[in-house]
2 protein chains.
Amino acid sequence: MTLKEKIRILISSFEILNKEEVEIIVEKTIVGKFKKGTLLLKEGQIPTKCYMVVEGCVREYLIKDGEEKSTAFFMEGDTFTPHSQDSKPSKHYWECVEDCILTISDSSFEEKIRAALPRLDAVFQKIAIEKINKAKEEWSQFITSSPEERYLNLLETKPVLLNRIPQHQIASYLGMKPQSLSRIRKRLLSNKS
Amino acid sequence: MTLKEKIRILISSFEILNKEEVEIIVEKTIVGKFKKGTLLLKEGQIPTKCYMVVEGCVREYLIKDGEEKSTAFFMEGDTFTPHSQDSKPSKHYWECVEDCILTISDSSFEEKIRAALPRLDAVFQKIAIEKINKAKEEWSQFITSSPEERYLNLLETKPVLLNRIPQHQIASYLGMKPQSLSRIRKRLLSNKS
DNA sequence: ATACGATTTTAACTTAAGTGAACGACAGGG
DNA sequence: CCCTGTCGTTCACTTAAGTTAAAATCGTAT
């Protein structure tokens, strides 16, 4: 499958644009390729670009108590945008944990698209609402679970993460120490039999 | 201060509408008064209305393992909307934990406003982005903290909650048992001296 | 004022995660 | 090829939260 076909499928999956509208975006889309380990954004920088993952995986993290704490993982089809619309320096890092192909958008790109596709804001709004709902869902899940339950939930909802991401990054994403995750995995394995 | 003045101030605080636009909304706004204990939404119901708190406080919670788990508190100026745009039954309850005055919006109200104020979607978008950013911030905070740190953080960021909401609801909001919250408070008091 | 239920606190005990350290496996660079 | 640093696991020990139960406190309605 060509890159353009992949992007077409991912943008279509937003399920709000018709074929012609999808094509407008696909044709103008700017694509970037990044090596594993690339930092797209560092703490203190002012983020201006929005991305969508076409291939690969991007980890979002911050440094607290001298340790990296992973706060999100973005994979094929996921979009991620600056957190502060008013150009505040970021508290987060964005790191490619695999070789990545990403679409890149900034305000001048947005303007170009908007000229041909006035409905663009409706698209953003739909994505935003979905993100809010997903965040709400994850929050409810997280707050009502023990570390062990959170691991089991991840196993159910995003099993692919566990095969692509190092354990210690998963551990911090689940709000626990790597040793605890290792212990939980061991406990679950022995109880399963 | 009259009700209308309060609403004008709250809507102005979104900082995106000019005076005339604010007035369009204020004039058409529907207000509801609800007694403490009123359930605006029950689990399984399909939510259709959006609210903004003018006075009072609304608690969002869900039932898990037979217990109420608070997932959010909405206070003066906060807006809250259905989580699923596609009319799925709600997993959450909305309960007035105080006597409340709320503005009420539904799709027919939105249409009426939109006719006079085409920029309405931009307002929604700004609110949505702010909600996403706040959620992200809270997520980062929550995931990297122990229960005790979460309590201390709440004390810093939303001290007013602690004076208006019963401890056991705060406890579930912080992802712990009421006994643990009580213990933490005691520990902090004795260590402070 | 009293009685009741709900809320908060306290306590003893259990369980699970944090801590610090050590070990083996592994990968990449010299 | 070995050296080195990272990663995952394991262990012993500490710490804090969960559990269960009971007592104390508070508010409200009768």
# chains A, B, ... in the order shown; residues from 1 in each chain; ligands from 1
>>> residues_around(residues="C:DA22", least_positions_apart="5", cutoff="12 Å", atoms="only C-alpha atoms (C1' of nucleotides)", output="list in words")
DT9, DT10, DC11 and DA12 of chain D
>>> write_last_selection(atoms="N, CA and C atoms (P, O5', C5', C4', C3', O3' and C1' of nucleotides)", output="mmCIF file, in the first residue's frame")
data_model
loop_
_atom_site.group_PDB
_atom_site.id
_atom_site.type_symbol
_atom_site.label_atom_id
_atom_site.label_comp_id
_atom_site.auth_asym_id
_atom_site.auth_seq_id
_atom_site.Cartn_x
_atom_site.Cartn_y
_atom_site.Cartn_z
ATOM 1 P P DT D 9 10.111 -8.968 32.936
ATOM 2 O "O5'" DT D 9 10.984 -9.550 34.129
ATOM 3 C "C5'" DT D 9 11.927 -10.584 33.855
ATOM 4 C "C4'" DT D 9 12.716 -10.890 35.107
ATOM 5 C "C3'" DT D 9 11.878 -11.250 36.334
ATOM 6 O "O3'" DT D 9 12.143 -12.596 36.667
ATOM 7 C "C1'" DT D 9 13.650 -9.738 36.864
ATOM 8 P P DT D 10 11.210 -13.381 37.726
ATOM 9 O "O5'" DT D 10 11.992 -13.161 39.100
ATOM 10 C "C5'" DT D 10 13.318 -13.663 39.233
ATOM 11 C "C4'" DT D 10 13.959 -13.083 40.471
ATOM 12 C "C3'" DT D 10 13.139 -13.231 41.758
ATOM 13 O "O3'" DT D 10 13.780 -14.176 42.586
ATOM 14 C "C1'" DT D 10 14.183 -11.094 41.572
ATOM 15 P P DC D 11 13.099 -14.747 43.912
ATOM 16 O "O5'" DC D 11 13.730 -13.828 45.046
ATOM 17 C "C5'" DC D 11 15.149 -13.681 45.154
ATOM 18 C "C4'" DC D 11 15.473 -12.636 46.204
ATOM 19 C "C3'" DC D 11 14.517 -12.652 47.402
ATOM 20 O "O3'" DC D 11 15.236 -12.927 48.595
ATOM 21 C "C1'" DC D 11 14.853 -10.433 46.564
ATOM 22 P P DA D 12 14.441 -13.216 49.989
ATOM 23 O "O5'" DA D 12 14.988 -12.073 50.941
ATOM 24 C "C5'" DA D 12 16.205 -11.363 50.633
ATOM 25 C "C4'" DA D 12 16.211 -10.067 51.418
ATOM 26 C "C3'" DA D 12 15.369 -10.102 52.702
ATOM 27 O "O3'" DA D 12 15.997 -9.297 53.698
ATOM 28 C "C1'" DA D 12 14.478 -8.484 51.234
#
>>> interface_residues(of="chain A", to="chain D", cutoff="9 Å", atoms="only C-alpha atoms (C1' of nucleotides)", output="PyMOL selection string")
chain A and resi 166-168+178-179+182-183
>>> write_last_selection(atoms="N, CA and C atoms", output="short mmCIF file (atom, residue, chain, number, x, y, z; two decimals), in the first residue's frame")
data_model
loop_
_atom_site.label_atom_id
_atom_site.label_comp_id
_atom_site.auth_asym_id
_atom_site.auth_seq_id
_atom_site.Cartn_x
_atom_site.Cartn_y
_atom_site.Cartn_z
N PRO A 166 8.80 -0.67 25.53
CA PRO A 166 9.54 -1.25 26.66
C PRO A 166 8.71 -1.25 27.94
N GLN A 167 8.90 -2.28 28.74
CA GLN A 167 8.13 -2.44 29.98
C GLN A 167 8.20 -1.21 30.90
N HIS A 168 9.39 -0.65 31.03
CA HIS A 168 9.50 0.43 32.01
C HIS A 168 8.74 1.68 31.58
N PRO A 178 8.76 -0.01 37.41
CA PRO A 178 9.01 -1.18 36.57
C PRO A 178 9.01 -2.48 37.37
N GLN A 179 9.57 -2.44 38.58
CA GLN A 179 9.59 -3.64 39.42
C GLN A 179 8.18 -4.12 39.73
N SER A 182 6.69 -5.83 36.71
CA SER A 182 7.27 -7.15 36.58
C SER A 182 6.64 -8.13 37.58
N ARG A 183 6.47 -7.67 38.82
CA ARG A 183 5.86 -8.49 39.86
C ARG A 183 4.41 -8.84 39.52
#
>>> atom_distance(atom1="atom CA of B:Ile184", atom2="atom CA of A:Ser172")
23.8 Å
>>> interface_residues(of="chain A", to="chain C", cutoff="8 Å", atoms="only C-alpha atoms (C1' of nucleotides)", output="list in words")
Met176, Lys177 and Ser180 of chain A
>>> residues_around(residues="stretch 88-105 of chain A", least_positions_apart="5", cutoff="7 Å", atoms="only C-alpha atoms (C1' of nucleotides)", output="PyMOL selection string")
chain A and resi 29-47+49-62+110
>>> closest_atom_pairs(of="chain A", to="chain B", cutoff="7 Å", atoms="only C-alpha atoms", output="JSON lines")
{"residue": "A:Lys69", "atom": "CA", "partner": "B:Thr144", "partner_atom": "CA", "distance": 6.9}
{"residue": "A:Thr71", "atom": "CA", "partner": "B:Ser140", "partner_atom": "CA", "distance": 6.1}
{"residue": "A:His83", "atom": "CA", "partner": "B:Asn133", "partner_atom": "CA", "distance": 5.3}
{"residue": "A:Ser84", "atom": "CA", "partner": "B:Asn133", "partner_atom": "CA", "distance": 6.6}
{"residue": "A:Gln125", "atom": "CA", "partner": "B:Gln125", "partner_atom": "CA", "distance": 6.0}
{"residue": "A:Ala128", "atom": "CA", "partner": "B:Ala128", "partner_atom": "CA", "distance": 6.6}
{"residue": "A:Ile132", "atom": "CA", "partner": "B:Ile132", "partner_atom": "CA", "distance": 6.0}
{"residue": "A:Asn133", "atom": "CA", "partner": "B:His83", "partner_atom": "CA", "distance": 5.3}
{"residue": "A:Ser140", "atom": "CA", "partner": "B:Thr71", "partner_atom": "CA", "distance": 6.2}
{"residue": "A:Ile143", "atom": "CA", "partner": "B:Gly175", "partner_atom": "CA", "distance": 5.0}
{"residue": "A:Thr144", "atom": "CA", "partner": "B:Gly175", "partner_atom": "CA", "distance": 6.0}
{"residue": "A:Gly175", "atom": "CA", "partner": "B:Ile143", "partner_atom": "CA", "distance": 5.0}
>>> write_last_selection(atoms="N, CA and C atoms", output="compact mmCIF listing (two decimals), in the first residue's frame")
# COMPACT_ATOMS: atom_id res chain seq x y z
N LYS A 69 8.12 10.14 32.92
CA LYS A 69 6.79 9.56 33.14
C LYS A 69 6.03 9.64 31.83
N THR A 71 2.99 9.74 29.45
CA THR A 71 1.60 10.15 29.66
C THR A 71 0.69 9.75 28.50
N HIS A 83 -0.71 21.34 23.57
CA HIS A 83 -1.69 21.36 24.65
C HIS A 83 -2.20 22.75 24.94
N SER A 84 -1.36 23.73 24.71
CA SER A 84 -1.80 25.09 25.03
C SER A 84 -1.94 25.86 23.72
N GLN A 125 -13.56 19.78 15.35
CA GLN A 125 -14.47 19.67 16.48
C GLN A 125 -14.81 18.22 16.77
N ALA A 128 -11.93 16.61 18.38
CA ALA A 128 -11.79 17.11 19.75
C ALA A 128 -12.79 16.43 20.67
N ILE A 132 -12.03 14.12 23.93
CA ILE A 132 -12.56 14.38 25.27
C ILE A 132 -13.25 13.15 25.82
N ASN A 133 -14.07 12.53 24.97
CA ASN A 133 -14.80 11.36 25.43
C ASN A 133 -13.85 10.23 25.81
N SER A 140 -12.08 7.64 34.03
CA SER A 140 -12.96 6.84 34.87
C SER A 140 -12.34 5.48 35.14
N ILE A 143 -9.11 5.92 37.50
CA ILE A 143 -9.34 6.36 38.88
C ILE A 143 -9.97 5.25 39.71
N THR A 144 -10.68 4.36 39.07
CA THR A 144 -11.40 3.33 39.81
C THR A 144 -10.64 2.01 39.85
N GLY A 175 1.44 4.34 35.94
CA GLY A 175 1.61 4.95 37.25
C GLY A 175 2.24 4.04 38.27
>>> atom_distance(atom1="atom CA of A:Arg119", atom2="atom CA of B:Arg119")
12.7 Å
>>> select_by_dssp(residues="stretch 21-193 of chain A", states="helix (DSSP H, G or I)", output="ChimeraX atom specification")
/A:21-28,107-116,120-143,147-157,159-164,167-173,178-192
>>> decode(residues="stretch 32-45 of chain B", atoms="N, CA and C atoms", output="short mmCIF file (atom, residue, chain, number, x, y, z; two decimals), in the first residue's frame")
data_model
loop_
_atom_site.label_atom_id
_atom_site.label_comp_id
_atom_site.auth_asym_id
_atom_site.auth_seq_id
_atom_site.Cartn_x
_atom_site.Cartn_y
_atom_site.Cartn_z
N GLY B 32 -32.34 26.82 34.54
CA GLY B 32 -33.11 25.90 35.37
C GLY B 32 -32.61 25.95 36.80
N LYS B 33 -33.54 25.78 37.76
CA LYS B 33 -33.14 25.69 39.16
C LYS B 33 -33.41 24.28 39.65
N PHE B 34 -32.46 23.72 40.37
CA PHE B 34 -32.58 22.34 40.82
C PHE B 34 -32.23 22.23 42.30
N LYS B 35 -32.99 21.42 42.99
CA LYS B 35 -32.76 21.21 44.41
C LYS B 35 -31.55 20.28 44.59
N LYS B 36 -30.85 20.48 45.69
CA LYS B 36 -29.79 19.57 46.10
C LYS B 36 -30.30 18.13 46.03
N GLY B 37 -29.52 17.27 45.43
CA GLY B 37 -29.92 15.86 45.33
C GLY B 37 -30.55 15.49 44.01
N THR B 38 -30.92 16.49 43.21
CA THR B 38 -31.53 16.22 41.91
C THR B 38 -30.55 15.48 41.01
N LEU B 39 -31.06 14.43 40.34
CA LEU B 39 -30.25 13.73 39.35
C LEU B 39 -30.60 14.27 37.97
N LEU B 40 -29.64 14.95 37.35
CA LEU B 40 -29.86 15.51 36.01
C LEU B 40 -29.75 14.42 34.96
N LEU B 41 -29.03 13.38 35.31
CA LEU B 41 -28.78 12.29 34.36
C LEU B 41 -28.53 11.03 35.16
N LYS B 42 -29.15 9.93 34.71
CA LYS B 42 -28.92 8.65 35.38
C LYS B 42 -28.23 7.69 34.43
N GLU B 43 -27.54 6.73 34.99
CA GLU B 43 -26.87 5.71 34.19
C GLU B 43 -27.91 5.06 33.27
N GLY B 44 -27.55 4.89 32.00
CA GLY B 44 -28.44 4.22 31.06
C GLY B 44 -29.30 5.19 30.27
N GLN B 45 -29.49 6.40 30.82
CA GLN B 45 -30.24 7.40 30.07
C GLN B 45 -29.38 7.95 28.93
#
